[in-house]
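K.L.:
Would you mind keeping the following structure in view while I ask a few things?
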Amino acid sequence: MKGYAMLGIGKTGWIEKEAPKCGPMDAIVKPIAVSPCTSDVHTVWEGALGERSNMILGHEAVGEVVEVGALVRDFRPGDRVIVPAITPDWNSLEAQAGYSMHSGGMLAGWKFSNFKDGVFGEYFHVNDADGNLAILPDDIDPAAAVMLSDMVPTGVHGVELADVQFGDSVCVVGIGPVGLMSVAAAALRGASHLYAVGSRPNCAKIAREYGATDIINYREGDIVEQILDKTHGKGVDRVVIAGGDNDTFAQAIRMLKPGGRIGNVNYLGSGDTVSIPRVEWGCGMGHKSIAGGLMPGGRLRMEKLASLLSTGRLDTSKLLTHRFQGFEHIEEALMLMKDKPRDLIKPVVVM
Ligand code: NDP
Ligand code: ZN
């Protein structure tokens, strides 16, 4: 089969490879629609996972099941499915402890384009099909549904980690596709003042549509000062970090009220340490909590998040700024993600 692969750090290209084999609990799926991710860019061009050669990229897909293992109960060839980016081993001890995304080791629930070939192939393998696949409802456009693989569950997880409650004031740092989903999720969770940090005008516009009450442009001044200004020096109850760098942590601590909580889903790609400002952290006694996590995967969560699209509570189609038709456009879509023109939010490739 054909696939679009990481050939080595900084190198990508089309390769021919043997089609994946199906184990007794697994499924083989062919993509209906896929989307490249900022994480694919980190993997290839920043070597975030270390050296990988001839590994097919991609972890965001909806597809059609072509084969299932003998022990799979609920899925059949021909089923149209949503495939989460994170596909844990549900019988692992980590999953039993409530941290399925770390099944088999820290971050090891992330398998596509990490430990095995990803979804940018003519076929791809899904472990634990009953636990990880979800039926794609007929009323959801497959292109919009691809956002359920990673953007929705990650954005939502930032809000879960920050534990947003009714009436909380919330700052979402970063309004790329992940942060935009955090804005939408914070609004669904009952945020009151919802500050969204970014600089791209189209992202700012969509952030408002998803419920942001104020846009903070980090290129126009320190975001801590801007937030403190808007909150009469008090700061916010919750911060969701979905963009920025190591310094964003320090900024989040500074803009947080005592008792507040930070939910980070941003990938921290450089440096050995992340610093926390001592005084603003209450000299260790400020009750300012920090949580950071990889999104949980799994079928139940996928089905629940898909129901937000079916009921019209969440419209992911706003994220899709660039649509391509045909497998061969995967390369173009990935290069867009790498180059990030300012009008890009998410590209999607429909087969
Ligand atoms: P984007 O690059 O599209 O968006 C990043 C956002 O951060 C933009 O809004 C950008 O603003 C903003 N930003 C950049 N620099 C700063 C800064 N110094 N201060 C404040 N804001 C800043 O990324 P994605 O939305 O695709 O992904 C976000 C992060 O989530 C990535 O690190 C990605 O790897 C990670 N991720 C994590 C997952 C998980 O499970 N935890 C899963 C998937 C992704 P501007 O408007 O100027 O572009
Ligand atoms: Zn992704």
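All residue names refer to the structure tokens as shown: chains lettered A, B, ... in order, residues numbered from 1 in each chain, ligands numbered from 1 in order.
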What are the closest atom pairs, with distances in Å to one decimal, for each residue of stretch 40-87 of chain A lying within 6 Å of stretch 146-161 of chain A, using only C-alpha atoms, rows by chain and rising residue number, as a Markdown table?

P.N.:
| residue | atom | partner | partner_atom | distance |
| --- | --- | --- | --- | --- |
| A:Glu60 | CA | A:Ser149 | CA | 5.1 |
| A:Ala61 | CA | A:Val146 | CA | 5.3 |
| A:Val62 | CA | A:Val146 | CA | 5.7 |
| A:Val83 | CA | A:Ser149 | CA | 5.8 |
| A:Pro84 | CA | A:Ser149 | CA | 4.2 |
| A:Ala85 | CA | A:Ser149 | CA | 5.2 |

K.L.:
Those residues with N, CA, C and O atoms, as a PDB file, in the first residue's frame please?

P.N.:
ATOM      1  N   GLU A  60      -5.154  11.661  12.862  1.00  0.00           N
ATOM      2  CA  GLU A  60      -6.523  12.181  12.925  1.00  0.00           C
ATOM      3  C   GLU A  60      -7.287  11.665  11.713  1.00  0.00           C
ATOM      4  O   GLU A  60      -6.966  12.031  10.580  1.00  0.00           O
ATOM      5  N   ALA A  61      -8.288  10.807  11.950  1.00  0.00           N
ATOM      6  CA  ALA A  61      -9.004  10.200  10.816  1.00  0.00           C
ATOM      7  C   ALA A  61     -10.410   9.765  11.196  1.00  0.00           C
ATOM      8  O   ALA A  61     -10.696   9.429  12.350  1.00  0.00           O
ATOM      9  N   VAL A  62     -11.277   9.774  10.188  1.00  0.00           N
ATOM     10  CA  VAL A  62     -12.481   8.940  10.215  1.00  0.00           C
ATOM     11  C   VAL A  62     -12.314   7.991   9.031  1.00  0.00           C
ATOM     12  O   VAL A  62     -11.643   8.317   8.054  1.00  0.00           O
ATOM     13  N   VAL A  83     -11.948   7.626  14.571  1.00  0.00           N
ATOM     14  CA  VAL A  83     -10.770   6.993  15.175  1.00  0.00           C
ATOM     15  C   VAL A  83     -10.062   8.023  16.053  1.00  0.00           C
ATOM     16  O   VAL A  83      -9.545   9.012  15.530  1.00  0.00           O
ATOM     17  N   PRO A  84     -10.034   7.808  17.370  1.00  0.00           N
ATOM     18  CA  PRO A  84      -9.330   8.774  18.215  1.00  0.00           C
ATOM     19  C   PRO A  84      -7.820   8.718  18.005  1.00  0.00           C
ATOM     20  O   PRO A  84      -7.273   7.650  17.713  1.00  0.00           O
ATOM     21  N   ALA A  85      -7.168   9.857  18.164  1.00  0.00           N
ATOM     22  CA  ALA A  85      -5.706   9.922  18.015  1.00  0.00           C
ATOM     23  C   ALA A  85      -5.004   9.044  19.047  1.00  0.00           C
ATOM     24  O   ALA A  85      -3.944   8.491  18.781  1.00  0.00           O
TER      25      ALA A  85
END

K.L.:
Based on DSSP run over this structure's backbone, return all residues of stretch 37-99 of chain A in alpha helix (DSSP H), as a list in words.

P.N.:
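Output for stretch 37-99 of chain A, alpha helix (DSSP H) only: Thr38, Ser39, Asp40, Val41, His42, Thr43, Val44, Trp45, Leu93, Glu94, Ala95 and Gln96 of chain A.
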
K.L.:
So that I can see what lies close to A:Arg208, please list as JSON, numbers by chain the residues with an atom at most 12 Å from it, counting only C-alpha atoms and leaving out residues fewer than 6 positions away in the same chain.

P.N.:
{"A": [175, 180, 181, 183, 184, 187, 193, 194, 195, 196, 197, 198, 201, 202, 214, 215, 216, 318]}

K.L.:
I'd like to know which of A:Ala250, A:Gly131, A:Val170, A:Met295 is closest to A:Ile276, using only C-alpha atoms.

P.N.:
A:Ala250

K.L.:
Let me make sure I understand: among A:Glu51, A:Asp237, A:Asp26, A:Asp245, which one has the smallest atom-to-atom distance to A:Phe75 if we use only C-alpha atoms?

P.N.:
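Closest residue, counting only C-alpha atoms: A:Asp26.
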
K.L.:
Taking only C-alpha atoms and all ligand atoms into account, list the residues no farther than 7 Å from ligand 1, as a PyMOL selection string.

P.N.:
chain A and resi 37-39+42+150-151+154+173-179+197-200+203+218+242-245+248+265-268+293-295+345

K.L.:
Provide the atom CA of A:Ile262 to atom CA of A:Lys230 distance in Å, to one decimal place.

P.N.:
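Atom CA of A:Lys230 lies at a distance of 19.0 Å from atom CA of A:Ile262.
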
K.L.:
Env of stretch 136-140 of chain A: 12 Å cut, atoms = only C-alpha atoms, seq-sep filter 4 positions within chain, self excluded. Answer as a PyMOL selection string.

P.N.:
chain A and resi 32-33+61-65+75+78-84+144-149+299+302-312+314-317

K.L.:
Tell me which protein, DNA and RNA residues are within 10 Å of A:Glu94, counting only C-alpha atoms, leaving out same-chain ones fewer than 3 positions away, and put them as a list in words.

P.N.:
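What passes the distance filter is Pro88, Asp89, Trp90, Asn91, Ala97, Gly98, Tyr99, Ser100, Met101, His102, Ser103, Gly104, Gly105, Met106 and Gly109 of chain A.
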
K.L.:
Run DSSP on the backbone and give me the residues of stretch 240-338 of chain A it puts in strand (DSSP E), as number ranges by chain.

P.N.:
A: 240-241, 256-264, 289-292, 320-325

K.L.:
Under the rule that only C-alpha atoms are counted, which of A:Asp74, A:His59, A:Asp117, A:Ala129 is the nearest residue to A:Met25?

P.N.:
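Of all the options, A:Ala129 lies closest to A:Met25.
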
K.L.:
Which residue, A:Val68, A:Phe112, A:Met335, A:Leu93, has the smallest gap to ligand 2 when you use only C-alpha atoms and all ligand atoms?

P.N.:
A:Phe112

K.L.:
Neighbours of A:Met55 within 9 Å (only C-alpha atoms; same-chain residues fewer than 6 positions away dropped), as number ranges by chain?

P.N.:
A: 3-8, 113-118

K.L.:
Keeping only N, CA and C atoms, write the selected residues as a PDB file, in the first residue's frame.

P.N.:
ATOM      1  N   GLY A   3       1.686   5.206   1.379  1.00  0.00           N
ATOM      2  CA  GLY A   3       1.485   6.037   2.561  1.00  0.00           C
ATOM      3  C   GLY A   3       2.415   7.235   2.536  1.00  0.00           C
ATOM      4  N   TYR A   4       2.021   8.288   3.251  1.00  0.00           N
ATOM      5  CA  TYR A   4       2.885   9.472   3.333  1.00  0.00           C
ATOM      6  C   TYR A   4       3.617   9.429   4.672  1.00  0.00           C
ATOM      7  N   ALA A   5       4.964   9.412   4.601  1.00  0.00           N
ATOM      8  CA  ALA A   5       5.740   9.013   5.775  1.00  0.00           C
ATOM      9  C   ALA A   5       6.800  10.022   6.177  1.00  0.00           C
ATOM     10  N   MET A   6       7.221   9.893   7.436  1.00  0.00           N
ATOM     11  CA  MET A   6       8.440  10.532   7.920  1.00  0.00           C
ATOM     12  C   MET A   6       9.581   9.611   7.510  1.00  0.00           C
ATOM     13  N   LEU A   7      10.516  10.125   6.715  1.00  0.00           N
ATOM     14  CA  LEU A   7      11.646   9.302   6.262  1.00  0.00           C
ATOM     15  C   LEU A   7      12.793   9.389   7.270  1.00  0.00           C
ATOM     16  N   GLY A   8      12.852  10.499   7.960  1.00  0.00           N
ATOM     17  CA  GLY A   8      13.864  10.776   8.984  1.00  0.00           C
ATOM     18  C   GLY A   8      13.563  12.174   9.494  1.00  0.00           C
ATOM     19  N   SER A 113       1.593   7.028  14.351  1.00  0.00           N
ATOM     20  CA  SER A 113       2.723   7.878  13.970  1.00  0.00           C
ATOM     21  C   SER A 113       3.622   8.177  15.163  1.00  0.00           C
ATOM     22  N   ASN A 114       3.734   7.170  16.020  1.00  0.00           N
ATOM     23  CA  ASN A 114       4.635   7.268  17.162  1.00  0.00           C
ATOM     24  C   ASN A 114       5.327   5.915  17.309  1.00  0.00           C
ATOM     25  N   PHE A 115       4.535   4.876  17.707  1.00  0.00           N
ATOM     26  CA  PHE A 115       5.097   3.515  17.794  1.00  0.00           C
ATOM     27  C   PHE A 115       4.745   2.663  16.586  1.00  0.00           C
ATOM     28  N   LYS A 116       3.786   3.125  15.791  1.00  0.00           N
ATOM     29  CA  LYS A 116       3.394   2.346  14.614  1.00  0.00           C
ATOM     30  C   LYS A 116       2.928   3.310  13.521  1.00  0.00           C
ATOM     31  N   ASP A 117       2.665   2.764  12.344  1.00  0.00           N
ATOM     32  CA  ASP A 117       2.250   3.620  11.236  1.00  0.00           C
ATOM     33  C   ASP A 117       0.946   4.339  11.568  1.00  0.00           C
ATOM     34  N   GLY A 118       0.851   5.573  11.055  1.00  0.00           N
ATOM     35  CA  GLY A 118      -0.323   6.393  11.288  1.00  0.00           C
ATOM     36  C   GLY A 118      -1.385   6.226  10.209  1.00  0.00           C
TER      37      GLY A 118
END

K.L.:
Applying 8 Å and only C-alpha atoms, which residues near A:Arg189 remain after dropping the ones on its own chain fewer than 2 positions away? List them as a list in words.

P.N.:
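Near neighbours after the sequence-gap exclusion: Val164, Gln165, Phe166, Ala185, Ala186, Ala187 and Ala191 of chain A.
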
K.L.:
Let me make sure I understand: among A:Thr273, A:Asn264, A:Asn132, A:Gln251, which one has the smallest atom-to-atom distance to A:Gly298 if we use only C-alpha atoms?

P.N.:
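So, comparing all the options, the nearest one is A:Asn132.
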
K.L.:
Counting only C-alpha atoms and all ligand atoms, which residue out of A:Gly23, A:Gly260, A:Gly58, A:Gly235 sits closest to ligand 2?

P.N.:
A:Gly58
